[in-house]
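Novice: My file is data_24.txt. It has compact mmCIF, C-alpha atoms and all ligand atoms:
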```txt
# COMPACT_ATOMS: atom_id res chain seq x y z
CA SER F 1 104.20 134.04 82.57
CA ILE F 2 102.04 131.37 80.96
CA LYS F 3 99.67 132.69 78.27
CA GLY F 4 98.89 129.49 76.44
CA PHE F 5 98.49 125.76 76.92
CA ILE F 6 99.30 123.02 74.42
CA PHE F 7 97.49 119.75 75.07
CA ASP F 8 98.53 116.35 73.88
CA LEU F 9 95.39 114.39 72.97
CA ASP F 10 95.77 110.63 73.45
CA GLY F 11 96.14 109.93 77.17
CA VAL F 12 95.60 113.55 78.30
CA VAL F 13 92.20 114.61 76.96
CA THR F 14 90.83 111.13 76.25
CA ASP F 15 92.06 107.59 76.74
CA THR F 16 92.48 106.48 73.14
CA ALA F 17 95.56 104.47 74.18
CA GLU F 18 93.14 101.57 74.69
CA TYR F 19 91.80 101.83 71.11
CA HIS F 20 95.33 102.12 69.72
CA TYR F 21 96.16 98.97 71.69
CA GLN F 22 93.14 97.06 70.38
CA ALA F 23 93.95 98.04 66.80
CA TRP F 24 97.63 97.09 67.08
CA LYS F 25 96.70 93.88 68.91
CA ARG F 26 94.32 92.85 66.12
CA LEU F 27 97.04 93.45 63.55
CA ALA F 28 99.64 91.59 65.64
CA ASP F 29 97.27 88.62 66.04
CA GLU F 30 96.77 88.50 62.28
CA LEU F 31 100.54 88.50 61.79
CA GLY F 32 101.07 85.89 64.52
CA ILE F 33 103.21 88.29 66.56
CA PRO F 34 102.80 88.32 70.35
CA PHE F 35 101.82 91.79 71.60
CA THR F 36 100.83 92.65 75.14
CA ARG F 37 99.09 95.58 76.81
CA GLU F 38 102.37 96.27 78.59
CA GLU F 39 104.29 96.46 75.31
CA ASN F 40 101.64 98.90 74.10
CA GLU F 41 102.57 101.27 76.96
CA ALA F 42 105.90 101.85 75.22
CA LEU F 43 104.02 103.09 72.14
CA ARG F 44 102.39 106.03 73.93
CA GLY F 45 103.02 109.18 71.87
CA ILE F 46 105.02 107.21 69.28
CA PRO F 47 104.03 107.88 65.63
CA ARG F 48 102.28 105.23 63.56
CA ARG F 49 105.29 104.04 61.58
CA GLU F 50 107.68 103.77 64.54
CA SER F 51 104.94 101.97 66.47
CA LEU F 52 104.62 99.40 63.69
CA LEU F 53 108.37 98.87 63.54
CA MET F 54 108.43 98.29 67.31
CA LEU F 55 105.54 95.84 67.05
CA LEU F 56 107.34 93.92 64.28
CA LYS F 57 110.32 93.39 66.65
CA GLY F 58 112.93 93.23 63.93
CA ARG F 59 110.87 91.33 61.34
CA THR F 60 111.42 92.97 57.98
CA TYR F 61 108.82 93.56 55.27
CA PRO F 62 108.93 95.41 51.95
CA GLU F 63 107.96 99.08 52.13
CA THR F 64 104.63 98.49 50.39
CA THR F 65 103.69 95.88 53.00
CA LEU F 66 104.57 98.30 55.81
CA ASP F 67 102.23 100.84 54.21
CA GLU F 68 99.46 98.26 53.97
CA LEU F 69 99.95 97.24 57.62
CA MET F 70 99.78 100.87 58.78
CA GLU F 71 96.63 101.42 56.75
CA ARG F 72 95.08 98.27 58.16
CA LYS F 73 95.84 99.29 61.75
CA ASN F 74 94.37 102.71 61.08
CA ARG F 75 91.22 101.18 59.61
CA TYR F 76 90.76 99.19 62.80
CA TYR F 77 91.47 102.27 64.90
CA LEU F 78 88.92 104.34 62.97
CA GLU F 79 86.41 101.57 63.49
CA TYR F 80 86.98 101.70 67.28
CA ILE F 81 86.90 105.49 67.62
CA ARG F 82 83.59 105.72 65.79
CA ALA F 83 82.04 105.07 69.21
CA ILE F 84 83.81 108.02 70.88
CA SER F 85 81.52 110.66 72.37
CA PRO F 86 81.79 113.49 74.93
CA ARG F 87 81.48 110.80 77.60
CA ASP F 88 85.00 109.70 76.67
CA LEU F 89 86.58 112.96 77.82
CA LEU F 90 88.93 112.30 80.74
CA PRO F 91 87.78 113.98 83.99
CA GLY F 92 88.75 117.64 84.22
CA ALA F 93 89.83 118.12 80.59
CA ARG F 94 86.83 120.09 79.36
CA GLU F 95 86.62 122.15 82.57
CA LEU F 96 90.28 123.17 82.32
CA LEU F 97 89.94 124.08 78.64
CA GLN F 98 86.89 126.19 79.40
CA GLU F 99 88.68 127.97 82.25
CA ILE F 100 91.66 128.69 79.98
CA ARG F 101 89.37 130.27 77.40
CA ALA F 102 87.37 132.21 79.97
CA ALA F 103 90.59 133.64 81.40
CA GLY F 104 91.58 134.93 77.93
CA LEU F 105 94.48 132.49 77.64
CA LYS F 106 95.06 130.35 74.55
CA ALA F 107 94.76 126.62 73.98
CA ALA F 108 96.24 124.48 71.21
CA LEU F 109 96.22 120.79 70.45
CA GLY F 110 99.65 119.20 69.98
CA SER F 111 99.06 115.59 68.94
CA ALA F 112 101.15 113.23 66.81
CA SER F 113 97.94 111.63 65.57
CA LYS F 114 96.58 112.03 62.07
CA ASN F 115 93.17 111.27 63.56
CA ALA F 116 93.31 114.11 66.10
CA ARG F 117 90.72 116.35 64.41
CA GLU F 118 88.23 113.54 64.12
CA VAL F 119 88.71 112.62 67.79
CA ILE F 120 88.25 116.16 69.19
CA GLU F 121 85.18 116.61 67.01
CA ARG F 122 83.66 113.41 68.35
CA LEU F 123 84.55 114.54 71.89
CA GLY F 124 82.71 117.80 71.22
CA ILE F 125 85.63 120.05 72.18
CA ALA F 126 86.96 121.16 68.78
CA ASP F 127 85.73 124.73 69.34
CA LEU F 128 87.73 125.04 72.57
CA PHE F 129 91.05 125.08 70.70
CA ASP F 130 92.57 128.18 69.08
CA ALA F 131 94.97 126.08 67.02
CA ILE F 132 95.58 122.50 66.03
CA ALA F 133 98.95 120.84 65.45
CA ASP F 134 98.55 117.18 64.50
CA GLY F 135 100.14 114.27 62.67
CA TYR F 136 100.08 116.26 59.43
CA SER F 137 101.76 119.40 60.80
CA VAL F 138 105.48 118.58 60.94
CA THR F 139 107.93 115.99 59.67
CA ARG F 140 110.02 115.35 62.76
CA GLN F 141 107.85 113.78 65.43
CA LYS F 142 108.14 113.75 69.25
CA PRO F 143 110.67 113.62 70.97
CA ALA F 144 111.70 116.38 68.53
CA PRO F 145 110.20 119.71 69.67
CA ASP F 146 108.86 120.59 66.19
CA LEU F 147 105.17 119.82 66.79
CA PHE F 148 104.96 121.93 69.95
CA LEU F 149 106.99 124.75 68.38
CA HIS F 150 104.53 124.69 65.48
CA ALA F 151 101.58 124.84 67.91
CA ALA F 152 103.13 127.76 69.80
CA ALA F 153 103.74 129.61 66.53
CA LEU F 154 100.09 129.11 65.58
CA LEU F 155 99.12 130.63 68.95
CA GLY F 156 101.55 133.49 68.34
CA LEU F 157 103.37 132.78 71.60
CA PRO F 158 107.01 131.96 72.42
CA PRO F 159 107.63 128.57 74.10
CA THR F 160 108.53 130.37 77.33
CA GLU F 161 104.91 131.54 77.58
CA CYS F 162 103.36 128.13 76.90
CA ALA F 163 102.79 125.08 79.08
CA VAL F 164 102.61 121.65 77.42
CA VAL F 165 100.41 118.96 78.95
CA GLU F 166 101.71 115.45 78.15
CA ASP F 167 101.28 111.83 79.24
CA ALA F 168 104.13 110.27 77.24
CA THR F 169 107.87 110.25 77.85
CA ALA F 170 108.51 111.18 74.21
CA GLY F 171 106.15 114.15 74.59
CA VAL F 172 107.72 115.41 77.81
CA GLU F 173 111.15 115.23 76.15
CA ALA F 174 109.83 117.08 73.08
CA ALA F 175 108.42 119.88 75.22
CA LEU F 176 111.59 120.18 77.32
CA ALA F 177 113.68 120.31 74.13
CA GLY F 178 111.50 123.16 72.88
CA GLY F 179 111.95 125.22 76.04
CA PHE F 180 108.35 124.84 77.24
CA THR F 181 107.04 124.53 80.76
CA VAL F 182 105.90 120.91 81.02
CA ILE F 183 103.01 119.37 82.94
CA GLY F 184 103.27 115.58 83.04
CA ILE F 185 100.12 113.54 83.49
CA GLY F 186 100.67 110.06 84.90
CA PRO F 187 103.26 108.08 86.82
CA HIS F 188 106.72 109.49 87.64
CA GLU F 189 108.37 106.59 85.77
CA ARG F 190 106.81 107.97 82.59
CA VAL F 191 106.61 111.75 83.01
CA GLY F 192 108.92 112.41 85.96
CA ARG F 193 111.08 114.84 83.96
CA ALA F 194 108.18 117.30 83.65
CA HIS F 195 108.26 120.49 85.76
CA LEU F 196 105.01 119.50 87.41
CA VAL F 197 103.59 115.96 87.64
CA LEU F 198 99.88 115.33 88.22
CA PRO F 199 98.03 111.99 88.33
CA SER F 200 95.29 113.36 86.03
CA LEU F 201 93.48 116.59 85.17
CA ALA F 202 90.58 115.71 87.49
CA GLY F 203 89.81 118.63 89.78
CA VAL F 204 92.69 120.73 88.41
CA SER F 205 91.76 124.42 88.41
CA LEU F 206 93.55 126.96 86.23
CA SER F 207 94.43 129.29 89.10
CA LYS F 208 95.92 126.48 91.18
CA LEU F 209 97.79 125.16 88.16
CA LEU F 210 99.33 128.55 87.33
CA GLU F 211 100.32 128.96 90.96
CA GLN F 212 101.96 125.50 91.06
CA LEU F 213 103.77 126.20 87.80
CA SER F 214 105.16 129.51 89.01
CA VAL F 215 106.84 127.79 91.97
CA SER F 216 108.00 124.59 90.21
CA ALA F 217 109.00 125.70 86.69
C1 LIG X 301 99.78 109.52 69.40
C2 LIG X 301 99.43 108.23 70.10
O1 LIG X 301 99.00 110.55 69.91
O2 LIG X 301 99.54 109.42 68.01
C3 LIG X 301 100.16 107.06 69.46
O3 LIG X 301 99.79 108.34 71.48
C4 LIG X 301 99.88 107.04 67.97
O4 LIG X 301 99.73 105.87 70.06
C5 LIG X 301 100.25 108.38 67.34
O5 LIG X 301 100.62 106.00 67.33
C6 LIG X 301 99.93 108.44 65.84
O6 LIG X 301 98.55 108.37 65.70
P1 LIG X 301 97.78 108.01 64.35
O7 LIG X 301 96.33 108.17 64.77
O8 LIG X 301 98.16 109.03 63.32
O9 LIG X 301 98.13 106.64 63.95
MG MG X 302 99.65 111.05 74.68
```
Using structure tokens, write down the structure that the file contains.
Specialist:
Amino acid sequence: SIKGFIFDLDGVVTDTAEYHYQAWKRLADELGIPFTREENEALRGIPRRESLLMLLKGRTYPETTLDELMERKNRYYLEYIRAISPRDLLPGARELLQEIRAAGLKAALGSASKNAREVIERLGIADLFDAIADGYSVTRQKPAPDLFLHAAALLGLPPTECAVVEDATAGVEAALAGGFTVIGIGPHERVGRAHLVLPSLAGVSLSKLLEQLSVSA
């Protein structure tokens, strides 16, 4: 049975996808590269470097320039997330985390972002997590299962006793590869391979969720 939950951050707990988009868009504009909101959708859950390479669409730059571009994007991103507050929590996220804790179950963060700690602190939910796996935790990023396996290990639970909550295709694949139960948040086109697909966490109660998982997983 499920004893722990591992939450992706961007797109599950808060909608930072918009800030990532604005930061990448500003960089793309400066480089004279077209970049649309739709193209940004493909970058959900994708690490910083791979995101940059996708944005560059085959243009090549020396390694030092790539580093500078990643730093620049992150500076913009940090500028945008300075405004994040508890109001930016997506509906239902805090309530579910609190229910998980109250029920004596465990919660971990499993985010590819190097800014994950800063974001959960600004959201005011850092103390609701028993463990944090972020962009510094492992080398192989999603869709490799490493980050979620690391989070489960920090919780002291096997993957079979953890449910991963994800909004990105790469994240769903990572969780499936690790042998986790997977809850997909968002459209079927994106997270349809999850064991359970929900439009959002709004109004999702722990008891109902555990019940749905026991029939669908
Ligand atoms: C993921 C986001 O959580 O983290 C991606 O969905 C982002 O958009 C990735 O590129 C890496 O984040 P960061 O903050 O380390 O650049
Ligand atoms: Mg995400």
Novice: Would you kindly return, as a PyMOL selection string, each protein, DNA or RNA residue with an atom no farther than 9 Å from any atom of Ala131 in chain F, considering all atoms listed in the file and excluding same-chain residues fewer than 6 positions away?
Specialist: chain F and resi 106-110+151-152+154-155
Novice: If you count all atoms listed in the file, which residues end up within 6 Å of ligand LIG 301 (chain X), as a count of residues only?
Specialist: 15
Novice: Report as JSON lines: every residue of chain F with an atom at most 7 Å from ligand MG 302 (chain X), its closest pair of atoms, and their distance in Å to one decimal, counting only C-alpha atoms and all ligand atoms, with rows sorted by chain and ascending residue number.
Specialist:
```
{"residue": "F:Asp8", "atom": "CA", "partner": "X:MG302", "partner_atom": "MG", "distance": 5.5}
{"residue": "F:Leu9", "atom": "CA", "partner": "X:MG302", "partner_atom": "MG", "distance": 5.7}
{"residue": "F:Asp10", "atom": "CA", "partner": "X:MG302", "partner_atom": "MG", "distance": 4.1}
{"residue": "F:Gly11", "atom": "CA", "partner": "X:MG302", "partner_atom": "MG", "distance": 4.4}
{"residue": "F:Val12", "atom": "CA", "partner": "X:MG302", "partner_atom": "MG", "distance": 6.0}
{"residue": "F:Arg44", "atom": "CA", "partner": "X:MG302", "partner_atom": "MG", "distance": 5.8}
{"residue": "F:Gly45", "atom": "CA", "partner": "X:MG302", "partner_atom": "MG", "distance": 4.8}
{"residue": "F:Glu166", "atom": "CA", "partner": "X:MG302", "partner_atom": "MG", "distance": 6.0}
{"residue": "F:Asp167", "atom": "CA", "partner": "X:MG302", "partner_atom": "MG", "distance": 4.9}
{"residue": "F:Ala168", "atom": "CA", "partner": "X:MG302", "partner_atom": "MG", "distance": 5.2}
```
Novice: Need the shell around range 23-32 of chain F: protein/DNA/RNA residues with any atom at most 7 Å away, counting all atoms listed in the file. Skip same-chain ones fewer than 2 positions apart. Format as a list of chain:residue names?
Specialist: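 My reading of the contact set: F:Tyr19, F:His20, F:Tyr21, F:Pro34, F:Phe35, F:Lys73, F:Tyr76, F:Tyr77.
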Novice: Which residues are near Lys142 in chain F? Cut-off 10 Å, only C-alpha atoms, ignore same chain within fewer than 3 positions. Put them as a list in words.
Specialist: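 Near neighbours after the sequence-gap exclusion: Gly45, Ile46, Pro47, Ser111, Ala112, Val138, Thr139, Pro145, Asp146, Leu147, Phe148, Ala168, Thr169, Ala170, Gly171, Val172, Glu173, Ala174, Ala175 and Ala177 of chain F.
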Novice: Using all atoms listed in the file, which residue out of F:Val165, F:Gln98, F:Lys208, F:Gln141 lies closest to Glu50 in chain F?
Specialist: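 For Glu50 in chain F, the nearest of the given residues is F:Gln141.
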Novice: Just the number, please: distance in Å from CA of Leu69 in chain F to CA of Thr14 in chain F, one decimal.
Specialist: 25.0 Å
Novice: When you draw a straight line from CA of Leu196 in chain F to CA of Phe180 in chain F, how long is it in Å?
Specialist: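 That distance, rounded to one decimal, is 12.0 Å.
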Novice: F:Glu79, F:Asp88, F:Glu63, F:Asp130: which is nearest Asp15 in chain F, counting only C-alpha atoms?
Specialist: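 Nearest candidate to Asp15 in chain F out of F:Glu79, F:Asp88, F:Glu63, F:Asp130: F:Asp88.
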Novice: F:Val191, F:Leu78, F:Ile132, F:Leu206: which is nearest Ala102 in chain F, counting all atoms listed in the file?
Specialist: F:Leu206
Novice: Can you put N, CA and C atoms back into range 100-115 of chain F and show it as a PDB file, keeping the file's coordinate frame?
Specialist:
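So rebuild01.pdb came out as:
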```pdb
ATOM      1  N   ILE F 100      90.573 128.036  80.725  1.00  0.00           N
ATOM      2  CA  ILE F 100      91.660 128.690  79.980  1.00  0.00           C
ATOM      3  C   ILE F 100      91.070 129.738  79.046  1.00  0.00           C
ATOM      4  N   ARG F 101      90.027 129.353  78.336  1.00  0.00           N
ATOM      5  CA  ARG F 101      89.370 130.270  77.400  1.00  0.00           C
ATOM      6  C   ARG F 101      88.750 131.457  78.134  1.00  0.00           C
ATOM      7  N   ALA F 102      88.066 131.160  79.222  1.00  0.00           N
ATOM      8  CA  ALA F 102      87.370 132.210  79.970  1.00  0.00           C
ATOM      9  C   ALA F 102      88.364 133.220  80.537  1.00  0.00           C
ATOM     10  N   ALA F 103      89.580 132.753  80.836  1.00  0.00           N
ATOM     11  CA  ALA F 103      90.590 133.640  81.400  1.00  0.00           C
ATOM     12  C   ALA F 103      91.312 134.442  80.310  1.00  0.00           C
ATOM     13  N   GLY F 104      90.943 134.205  79.039  1.00  0.00           N
ATOM     14  CA  GLY F 104      91.580 134.930  77.930  1.00  0.00           C
ATOM     15  C   GLY F 104      92.938 134.358  77.551  1.00  0.00           C
ATOM     16  N   LEU F 105      93.245 133.157  78.050  1.00  0.00           N
ATOM     17  CA  LEU F 105      94.480 132.490  77.640  1.00  0.00           C
ATOM     18  C   LEU F 105      94.182 131.631  76.411  1.00  0.00           C
ATOM     19  N   LYS F 106      95.244 131.124  75.784  1.00  0.00           N
ATOM     20  CA  LYS F 106      95.060 130.350  74.550  1.00  0.00           C
ATOM     21  C   LYS F 106      95.256 128.853  74.773  1.00  0.00           C
ATOM     22  N   ALA F 107      94.607 128.065  73.915  1.00  0.00           N
ATOM     23  CA  ALA F 107      94.760 126.620  73.980  1.00  0.00           C
ATOM     24  C   ALA F 107      94.991 126.055  72.583  1.00  0.00           C
ATOM     25  N   ALA F 108      95.983 125.164  72.485  1.00  0.00           N
ATOM     26  CA  ALA F 108      96.240 124.480  71.210  1.00  0.00           C
ATOM     27  C   ALA F 108      96.293 122.978  71.460  1.00  0.00           C
ATOM     28  N   LEU F 109      96.048 122.232  70.390  1.00  0.00           N
ATOM     29  CA  LEU F 109      96.220 120.790  70.450  1.00  0.00           C
ATOM     30  C   LEU F 109      97.595 120.484  69.858  1.00  0.00           C
ATOM     31  N   GLY F 110      98.340 119.599  70.493  1.00  0.00           N
ATOM     32  CA  GLY F 110      99.650 119.200  69.980  1.00  0.00           C
ATOM     33  C   GLY F 110      99.729 117.689  69.992  1.00  0.00           C
ATOM     34  N   SER F 111      99.147 117.052  68.976  1.00  0.00           N
ATOM     35  CA  SER F 111      99.060 115.590  68.940  1.00  0.00           C
ATOM     36  C   SER F 111      99.770 115.026  67.724  1.00  0.00           C
ATOM     37  N   ALA F 112     100.461 113.899  67.924  1.00  0.00           N
ATOM     38  CA  ALA F 112     101.150 113.230  66.810  1.00  0.00           C
ATOM     39  C   ALA F 112     100.173 112.507  65.894  1.00  0.00           C
ATOM     40  N   SER F 113      98.905 112.449  66.316  1.00  0.00           N
ATOM     41  CA  SER F 113      97.940 111.630  65.570  1.00  0.00           C
ATOM     42  C   SER F 113      97.365 112.322  64.345  1.00  0.00           C
ATOM     43  N   LYS F 114      97.237 111.544  63.278  1.00  0.00           N
ATOM     44  CA  LYS F 114      96.580 112.030  62.070  1.00  0.00           C
ATOM     45  C   LYS F 114      95.067 111.992  62.227  1.00  0.00           C
ATOM     46  N   ASN F 115      94.609 111.359  63.295  1.00  0.00           N
ATOM     47  CA  ASN F 115      93.170 111.270  63.560  1.00  0.00           C
ATOM     48  C   ASN F 115      92.715 112.273  64.612  1.00  0.00           C
TER      49      ASN F 115
END
```
